[in-house]
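Heads up, the thing below is written out as structure tokens.
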Amino acid sequence: MTEQTTTDRYTLADLERWSEVTSDVDPPIRLGVFGDPVAHSLSPQMQNAALRGYEINMQYARFHIRPNELRAALGLVRELDFVGLNLTVPHKIAGLTQVDVTEESASCCGAVNTVRLHAKKLMGSNTDAEGFSRAVRSEFSIDLRDLRVMILGAGGGTGHAIAWQCALENCERLVLVNRTLAKTSAFIDQLRPFFAEPRVLGPVARIEAVPWDETAMRTQLAYIDLIVNATPLGMNASNPAPIPARLLAPHHIVFDCVYHASKTALLRAADEAGARGANGLSMLLHQGALSFSVWFNREAPIEAMRSAIAF
């Protein structure tokens, strides 16, 4: 038998002849992440460390699944001996309609990032929301309820989950920024009841959606503490910052959901402005630990997982 390395990527074509493709893989692959792109994902290193920590005889792998392949890929996994999956960009919102059972954590934030297989049924849940909250607490020693938050890219699955968690924890203020305002208007209506009580002094509403426009963002940022990048901008080193550096101030806290060994343009801009910043590694860790608990109904070995993804 040969031990398969976690750097390998599988495809829909591989799933279609899974027993043949993985006949020499030991331990067997029974967990994975579906994404497009997916080569950058550190989830295999992290989850395989957790599996080894508990001496669970299986592996977690990457699957490059394109948007038009998601339904077929999930259908194939249902018939295979998988324990569960993670869904990452761009599958989190689409996944909501393609699982058999949507648990409250997923239906509330309108996105699925964790799938558990039970009696050939796909059970969809979301650990991004709570994972983000734990990450902010661990990185900045502050709770969401004490913050005024702006989310860049609020129309995607990660942005949805983060916005929902901010509402759930009753943050001081929430501003959703998206290129297509129509994508966020229905979501804003869903979140508005959480912000009915007035808490902030000043000429601003507690919850707003604003266009991706420098003037609109500048007006808001005087009344914002935490800026969250929930877009994929930064996944490529050549990507610009999703917000102009000149808009950042020393009082801002910047959380970039993208993670890299080198700093993204947004985190470099935060440094220049004298603002505190953190990348998405801690969110990856905490949502991954929660996913592990969903699959195995036990506490994740979080220190082993942290060591496996440390830059």
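Chain labels A, B, ... are given in the sequence in which chains occur in the structure tokens; within each chain residues are numbered consecutively from 1, and ligands are likewise numbered from 1 in the order shown.
All residues within segment 78-196 of chain A that the backbone DSSP calculation assigns to strand (DSSP E) are Gly84, Leu85, Asn86, Leu87, Val101, Thr102, Thr114, Val115, Arg116, Leu117, His118, Lys121, Leu122, Met123, Gly124, Ser125, Arg148, Val149, Met150, Ile151, Leu152, Arg173, Leu174, Val175, Leu176, Val177 and Asn178 of chain A.
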Within 12 Å of segment 271-294 of chain A: each segment 142-198 of chain A residue with its shortest pair, only C-alpha atoms, as a Markdown table:
```
| residue | atom | partner | partner_atom | distance |
| --- | --- | --- | --- | --- |
| A:Thr158 | CA | A:Met283 | CA | 10.7 |
| A:Ala161 | CA | A:Gln287 | CA | 11.3 |
| A:Ile162 | CA | A:Met283 | CA | 10.7 |
```
Writing out the chosen residues with C-alpha atoms as a PDB file, in the first residue's frame:
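In the end it all went to part36.pdb:
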```pdb
ATOM      1  CA  THR A 158     -18.508  33.510   3.855  1.00  0.00           C
ATOM      2  CA  ALA A 161     -22.148  33.514   7.611  1.00  0.00           C
ATOM      3  CA  ILE A 162     -20.142  36.347   9.175  1.00  0.00           C
TER       4      ILE A 162
END
```
Please determine, counting only C-alpha atoms, which residue among A:Ile243, A:Ile151, A:Ile207, A:Ala249 has the shortest atom-to-atom distance to Val228 of chain A.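 Among A:Ile243, A:Ile151, A:Ile207, A:Ala249, it is A:Ile151 that comes nearest to Val228 of chain A.
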Could you produce a table of the residues of segment 73-153 of chain A lying within 8 Å of segment 14-20 of chain A, with the nearest pair of atoms per residue and their separation in Å rounded to one decimal, using only C-alpha atoms, ordered by chain and increasing residue number, as CSV?
```
residue,atom,partner,partner_atom,distance
A:Ala73,CA,A:Leu15,CA,7.1
A:Leu76,CA,A:Leu15,CA,6.7
A:Val77,CA,A:Leu15,CA,7.6
```
Residues of the last selection are to be written out with C-alpha atoms, as a PDB file, in the first residue's frame.
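Contents of the output file result.pdb:
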```pdb
ATOM      1  CA  ALA A  73     -20.191  15.414  -7.243  1.00  0.00           C
ATOM      2  CA  LEU A  76     -21.611  10.546  -6.197  1.00  0.00           C
ATOM      3  CA  VAL A  77     -20.357  11.146  -2.642  1.00  0.00           C
TER       4      VAL A  77
END
```
Identify, with DSSP run on backbone atoms, the residues in segment 62-248 of chain A assigned to alpha helix (DSSP H), and express the list as number ranges by chain. A: 70-79, 104-109, 128-140, 157-168, 181-191, 214-221
Any idea what the distance is between atom CA of Arg145 of chain A and atom CA of Glu169 of chain A?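 These atoms are spaced 5.4 Å apart.
For Phe34 of chain A, the non-local neighbours within 8 Å, defined as residues at least 4 positions apart in the same chain or in other chains and counting only C-alpha atoms, are Val38, Arg62, Phe63, His64, Ile65, Leu85, Asn86, Leu87, Thr88 and His91 of chain A.
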The selected residues should be written to file as a compact mmCIF listing (two decimals), in the first residue's frame (atoms: C-alpha atoms).
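Below is the file selection10.txt, written as the result:
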```txt
# COMPACT_ATOMS: atom_id res chain seq x y z
CA VAL A 38 -8.83 24.41 -4.11
CA ARG A 62 -8.86 18.24 -1.90
CA PHE A 63 -11.40 18.03 -4.73
CA HIS A 64 -11.36 20.52 -7.60
CA ILE A 65 -15.08 20.74 -8.34
CA LEU A 85 -17.15 17.27 3.33
CA ASN A 86 -16.32 20.93 3.52
CA LEU A 87 -17.59 23.27 0.82
CA THR A 88 -15.49 26.32 0.05
CA HIS A 91 -20.03 26.38 -3.43
```
Pro211 of chain A environment, 9 Å, only C-alpha atoms, sequence neighbours closer than 5 positions dropped, as a ChimeraX atom specification: /A:176-181,216-217
Atoms to include: N, CA, C and O atoms. Write the selected residues as a short mmCIF file (atom, residue, chain, number, x, y, z; two decimals), in the first residue's frame.
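This is the output file selection_20.cif:
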```
data_model
loop_
_atom_site.label_atom_id
_atom_site.label_comp_id
_atom_site.auth_asym_id
_atom_site.auth_seq_id
_atom_site.Cartn_x
_atom_site.Cartn_y
_atom_site.Cartn_z
N LEU A 176 -22.98 46.16 5.32
CA LEU A 176 -22.67 45.17 4.29
C LEU A 176 -22.32 45.89 2.99
O LEU A 176 -23.08 46.72 2.51
N VAL A 177 -21.16 45.57 2.45
CA VAL A 177 -20.70 46.18 1.20
C VAL A 177 -20.66 45.10 0.13
O VAL A 177 -20.04 44.04 0.33
N ASN A 178 -21.32 45.37 -0.99
CA ASN A 178 -21.32 44.39 -2.08
C ASN A 178 -21.43 45.11 -3.41
O ASN A 178 -22.03 46.18 -3.50
N ARG A 179 -20.84 44.51 -4.44
CA ARG A 179 -20.91 45.15 -5.77
C ARG A 179 -22.34 45.17 -6.29
O ARG A 179 -22.74 46.10 -6.98
N THR A 180 -23.12 44.14 -5.97
CA THR A 180 -24.52 44.08 -6.38
C THR A 180 -25.39 44.24 -5.14
O THR A 180 -25.56 43.30 -4.37
N LEU A 181 -25.95 45.43 -4.95
CA LEU A 181 -26.74 45.69 -3.74
C LEU A 181 -27.97 44.80 -3.66
O LEU A 181 -28.41 44.43 -2.57
N ALA A 216 -18.89 56.10 -0.67
CA ALA A 216 -19.85 55.48 0.26
C ALA A 216 -19.11 54.83 1.43
O ALA A 216 -19.52 54.95 2.60
N MET A 217 -18.00 54.16 1.13
CA MET A 217 -17.25 53.49 2.20
C MET A 217 -16.58 54.49 3.13
O MET A 217 -16.57 54.32 4.34
#
```
Extract, using only C-alpha atoms, all DNA, RNA and protein residues at most 12 Å from Asp8 of chain A, discarding same-chain residues fewer than 6 positions from it, and format them as a PyMOL selection string. chain A and resi 14+22+25+29+32+38-41+44-45+59-64
Within 7 Å of segment 224-226 of chain A, counting only C-alpha atoms, which residues show up once you throw out same-chain ones fewer than 3 positions away? Write them as a tab-separated table (two decimals) with N, CA and C atoms, in the first residue's frame, please.
```tsv
chain	number	residue	atom	x	y	z
A	147	LEU	N	-18.46	45.53	18.80
A	147	LEU	CA	-17.85	46.10	17.60
A	147	LEU	C	-18.87	46.62	16.60
A	148	ARG	N	-18.43	47.65	15.85
A	148	ARG	CA	-19.16	48.12	14.68
A	148	ARG	C	-18.43	47.51	13.47
A	149	VAL	N	-19.15	46.72	12.68
A	149	VAL	CA	-18.51	45.84	11.69
A	149	VAL	C	-18.90	46.21	10.27
A	150	MET	N	-17.91	46.23	9.39
A	150	MET	CA	-18.15	46.37	7.94
A	150	MET	C	-17.66	45.11	7.26
A	220	GLN	N	-18.87	55.74	5.77
A	220	GLN	CA	-19.19	54.74	6.79
A	220	GLN	C	-18.05	54.50	7.77
A	221	LEU	N	-16.82	54.60	7.29
A	221	LEU	CA	-15.68	54.09	8.07
A	221	LEU	C	-15.37	54.88	9.34
A	251	HIS	N	-7.54	53.37	14.30
A	251	HIS	CA	-8.53	52.76	15.21
A	251	HIS	C	-9.20	51.51	14.60
A	252	HIS	N	-8.96	51.28	13.31
A	252	HIS	CA	-9.60	50.13	12.66
A	252	HIS	C	-8.90	48.81	13.03
A	253	ILE	N	-9.71	47.75	13.04
A	253	ILE	CA	-9.21	46.38	13.15
A	253	ILE	C	-9.56	45.72	11.80
A	254	VAL	N	-8.60	45.04	11.20
A	254	VAL	CA	-8.81	44.47	9.87
A	254	VAL	C	-8.67	42.95	9.94
```
Could you tell me how far atom CA of Arg298 of chain A lies from atom CA of Arg137 of chain A, in Å and to one decimal?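 We find that atom CA of Arg298 of chain A and atom CA of Arg137 of chain A lie 22.3 Å from each other.
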For segment 78-80 of chain A, work out the shell of residues within 8 Å, counting only C-alpha atoms and skipping chain neighbours fewer than 4 positions away, then give it as a PyMOL selection string. chain A and resi 74+117+120-122
Which residue out of A:Gly75, A:Gln165, A:Glu172, A:Ala119 has the minimum interatomic distance to Ser105 of chain A when only C-alpha atoms are used?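 Going through A:Gly75, A:Gln165, A:Glu172, A:Ala119 one by one, the smallest distance to Ser105 of chain A is for A:Gln165.
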